[in-house]
Amino acid sequence: MFENGLSGMATSNQNDYFRGKHEVCVLSSCKTESYETFHSRCKKNPGHTNFIPINDFVIDNLPVYYQDNDLFEVIKTIADLTVMLSVRYTSQNRPEFFPNTTIPYPFYDVRGKTMLKFGTGMVSKVLKCDGKSKTCPRHQGDSVRSCESWWEIEVETAAHVVFDKDEAQCTTCTVDFNCRDSPLVTLDAIDVTNSDVQHDSCRMKCVTHDMKLGEKLLKKLQKFKTLRRKVSNRFYLNDRENLAIIVSHPHGCHKHVSIGRWITKEHTESHRSRYVYDTPTCTGSSGAHVYIPSKTVFWFSHIHNGHQEGRGNYCSPGWL
């Protein structure tokens, strides 16, 4: 069965942390549930009526004011770059508490154990490499195997989803998991290039020798950057309906879009901002990119963290 994981977080007017539940999905038995079963058993969003499968997402799903072709394409491109994370190990290095607090850090009690957890991430950097200038990081120290070219791909997620290199090396990123029958396309993570526990963000490095996949992701990322700038020019600081959109893998299942509104903006002690929103999320949504058209200038500003009863869903502290 799938279970919610608990993590204590203090309110942001005290420091940088909320007191709520993270939304990593923990697979607590070796038998997975059917898609229909997890729909009926979800306590937070029974039936998942407010989650739109990505293949069913159309411009009419957006509020009338936001039915803009470029905005629609940005969301579709975010979905193209969104990946499901399967994390098979919990690092021994996880701290007992969040920095400078007595607030328990997620999964400290299962350090060093093999446990399958699901979260969400988004491709944030794509780089083509060749063996003339460097060695493929998957084959370093291997004098027999060498590569002429490969792609290095960074994936952004939450630090409580993937904490460090030990966990990254036991993490698989599933690409284009858009429906139950999607062919399995994966990236294996090999390292963490940055882990920020205070702001709950993590960047993982993945490597693929599938040259077509690398080229595809590069084009999608370039398209996202171009469209995001156009949409930002159109909607920046236009808070008419406070739109907040998340593409994630609820319960470790295929990709869904959820549409809602941000409710409050709160400033943290680190001089960043955190949003609370009613955009639907479930376990498995931790680490997803939170897209707010009126605020998103720095394109990976906010990452979904969890849910606080009585207040709503919340993201990591970010800029704007």
# chains A, B, ... in the order shown; residues from 1 in each chain; ligands from 1
>>> closest_atom_pairs(of="segment 144-247 of chain A", to="segment 98-101 of chain A", cutoff="12 Å", atoms="only C-alpha atoms", output="Markdown table")
| residue | atom | partner | partner_atom | distance |
| --- | --- | --- | --- | --- |
| A:Ala159 | CA | A:Phe98 | CA | 11.3 |
| A:His160 | CA | A:Phe98 | CA | 10.4 |
| A:Asp196 | CA | A:Pro99 | CA | 10.5 |
| A:Val197 | CA | A:Phe98 | CA | 7.4 |
| A:Gln198 | CA | A:Pro99 | CA | 6.5 |
| A:His199 | CA | A:Pro99 | CA | 10.2 |
| A:Asp200 | CA | A:Phe98 | CA | 9.9 |
>>> closest_residue(among="A:Leu320, A:Cys315, A:Val87, A:Cys253", to="His271 of chain A", atoms="only C-alpha atoms")
A:Leu320
>>> closest_residue(among="A:Arg311, A:Lys225, A:His209, A:Lys165", to="Leu127 of chain A", atoms="only C-alpha atoms")
A:His209
>>> residues_around(residues="Glu156 of chain A", least_positions_apart="5", cutoff="12 Å", atoms="only C-alpha atoms", output="NGL selection string")
:A and (81-85 or 119-126 or 161-163 or 168 or 173 or 189 or 192-196 or 200-206 or 286-290 or 299-304)
>>> select_by_dssp(residues="segment 38-145 of chain A", states="strand (DSSP E)", output="PyMOL selection string")
chain A and resi 52-53+82-89+114-130
>>> closest_atom_pairs(of="segment 95-213 of chain A", to="segment 53-66 of chain A", cutoff="12 Å", atoms="only C-alpha atoms", output="JSON lines")
{"residue": "A:Asp176", "atom": "CA", "partner": "A:Ile54", "partner_atom": "CA", "distance": 10.1}
{"residue": "A:Phe177", "atom": "CA", "partner": "A:Ile54", "partner_atom": "CA", "distance": 9.6}
{"residue": "A:Asn178", "atom": "CA", "partner": "A:Ile54", "partner_atom": "CA", "distance": 6.3}
{"residue": "A:Cys179", "atom": "CA", "partner": "A:Asn55", "partner_atom": "CA", "distance": 7.4}
{"residue": "A:Arg180", "atom": "CA", "partner": "A:Pro53", "partner_atom": "CA", "distance": 10.3}
{"residue": "A:Asp181", "atom": "CA", "partner": "A:Asn55", "partner_atom": "CA", "distance": 11.9}
{"residue": "A:Ser182", "atom": "CA", "partner": "A:Asn55", "partner_atom": "CA", "distance": 11.1}
>>> write_last_selection(atoms="all heavy atoms", output="PDB file, in the first residue's frame")
ATOM      1  N   ASP A 176       8.739  10.780 -19.863  1.00  0.00           N
ATOM      2  CA  ASP A 176       7.561  10.582 -20.734  1.00  0.00           C
ATOM      3  C   ASP A 176       6.621   9.501 -20.211  1.00  0.00           C
ATOM      4  O   ASP A 176       6.019   8.758 -20.998  1.00  0.00           O
ATOM      5  CB  ASP A 176       7.993  10.231 -22.160  1.00  0.00           C
ATOM      6  CG  ASP A 176       8.643  11.399 -22.877  1.00  0.00           C
ATOM      7  OD1 ASP A 176       8.383  12.540 -22.480  1.00  0.00           O
ATOM      8  OD2 ASP A 176       9.418  11.164 -23.830  1.00  0.00           O
ATOM      9  N   PHE A 177       6.486   9.410 -18.896  1.00  0.00           N
ATOM     10  CA  PHE A 177       5.514   8.489 -18.310  1.00  0.00           C
ATOM     11  C   PHE A 177       4.161   9.199 -18.328  1.00  0.00           C
ATOM     12  O   PHE A 177       3.693   9.727 -17.334  1.00  0.00           O
ATOM     13  CB  PHE A 177       5.941   8.123 -16.895  1.00  0.00           C
ATOM     14  CG  PHE A 177       5.086   7.084 -16.217  1.00  0.00           C
ATOM     15  CD1 PHE A 177       4.255   6.236 -16.938  1.00  0.00           C
ATOM     16  CD2 PHE A 177       5.110   6.944 -14.838  1.00  0.00           C
ATOM     17  CE1 PHE A 177       3.466   5.286 -16.318  1.00  0.00           C
ATOM     18  CE2 PHE A 177       4.338   6.004 -14.192  1.00  0.00           C
ATOM     19  CZ  PHE A 177       3.511   5.174 -14.938  1.00  0.00           C
ATOM     20  N   ASN A 178       3.544   9.216 -19.514  1.00  0.00           N
ATOM     21  CA  ASN A 178       2.350  10.025 -19.759  1.00  0.00           C
ATOM     22  C   ASN A 178       1.047   9.256 -19.665  1.00  0.00           C
ATOM     23  O   ASN A 178      -0.022   9.860 -19.589  1.00  0.00           O
ATOM     24  CB  ASN A 178       2.446  10.685 -21.140  1.00  0.00           C
ATOM     25  CG  ASN A 178       3.581  11.687 -21.210  1.00  0.00           C
ATOM     26  OD1 ASN A 178       4.053  12.185 -20.194  1.00  0.00           O
ATOM     27  ND2 ASN A 178       4.035  11.976 -22.414  1.00  0.00           N
ATOM     28  N   CYS A 179       1.121   7.950 -19.697  1.00  0.00           N
ATOM     29  CA  CYS A 179      -0.067   7.116 -19.536  1.00  0.00           C
ATOM     30  C   CYS A 179       0.378   5.754 -19.025  1.00  0.00           C
ATOM     31  O   CYS A 179       1.569   5.448 -18.985  1.00  0.00           O
ATOM     32  CB  CYS A 179      -0.846   6.989 -20.844  1.00  0.00           C
ATOM     33  SG  CYS A 179       0.043   6.103 -22.151  1.00  0.00           S
ATOM     34  N   ARG A 180      -0.581   4.963 -18.631  1.00  0.00           N
ATOM     35  CA  ARG A 180      -0.241   3.673 -18.018  1.00  0.00           C
ATOM     36  C   ARG A 180       0.512   2.749 -18.971  1.00  0.00           C
ATOM     37  O   ARG A 180       1.265   1.891 -18.546  1.00  0.00           O
ATOM     38  CB  ARG A 180      -1.516   2.988 -17.511  1.00  0.00           C
ATOM     39  CG  ARG A 180      -2.034   3.554 -16.208  1.00  0.00           C
ATOM     40  CD  ARG A 180      -3.342   2.927 -15.801  1.00  0.00           C
ATOM     41  NE  ARG A 180      -4.464   3.472 -16.550  1.00  0.00           N
ATOM     42  CZ  ARG A 180      -5.710   3.057 -16.433  1.00  0.00           C
ATOM     43  NH1 ARG A 180      -5.990   2.058 -15.601  1.00  0.00           N
ATOM     44  NH2 ARG A 180      -6.691   3.605 -17.120  1.00  0.00           N
ATOM     45  N   ASP A 181       0.320   2.955 -20.260  1.00  0.00           N
ATOM     46  CA  ASP A 181       0.949   2.076 -21.240  1.00  0.00           C
ATOM     47  C   ASP A 181       2.190   2.689 -21.882  1.00  0.00           C
ATOM     48  O   ASP A 181       2.689   2.180 -22.890  1.00  0.00           O
ATOM     49  CB  ASP A 181      -0.071   1.721 -22.344  1.00  0.00           C
ATOM     50  CG  ASP A 181      -1.283   0.996 -21.792  1.00  0.00           C
ATOM     51  OD1 ASP A 181      -1.114   0.197 -20.852  1.00  0.00           O
ATOM     52  OD2 ASP A 181      -2.401   1.233 -22.293  1.00  0.00           O
ATOM     53  N   SER A 182       2.701   3.769 -21.302  1.00  0.00           N
ATOM     54  CA  SER A 182       3.890   4.416 -21.867  1.00  0.00           C
ATOM     55  C   SER A 182       5.079   3.462 -21.867  1.00  0.00           C
ATOM     56  O   SER A 182       5.286   2.737 -20.887  1.00  0.00           O
ATOM     57  CB  SER A 182       4.263   5.662 -21.060  1.00  0.00           C
ATOM     58  OG  SER A 182       3.281   6.662 -21.164  1.00  0.00           O
TER      59      SER A 182
END
>>> atom_distance(atom1="atom CA of Ile263 of chain A", atom2="atom CA of Asp278 of chain A")
7.0 Å
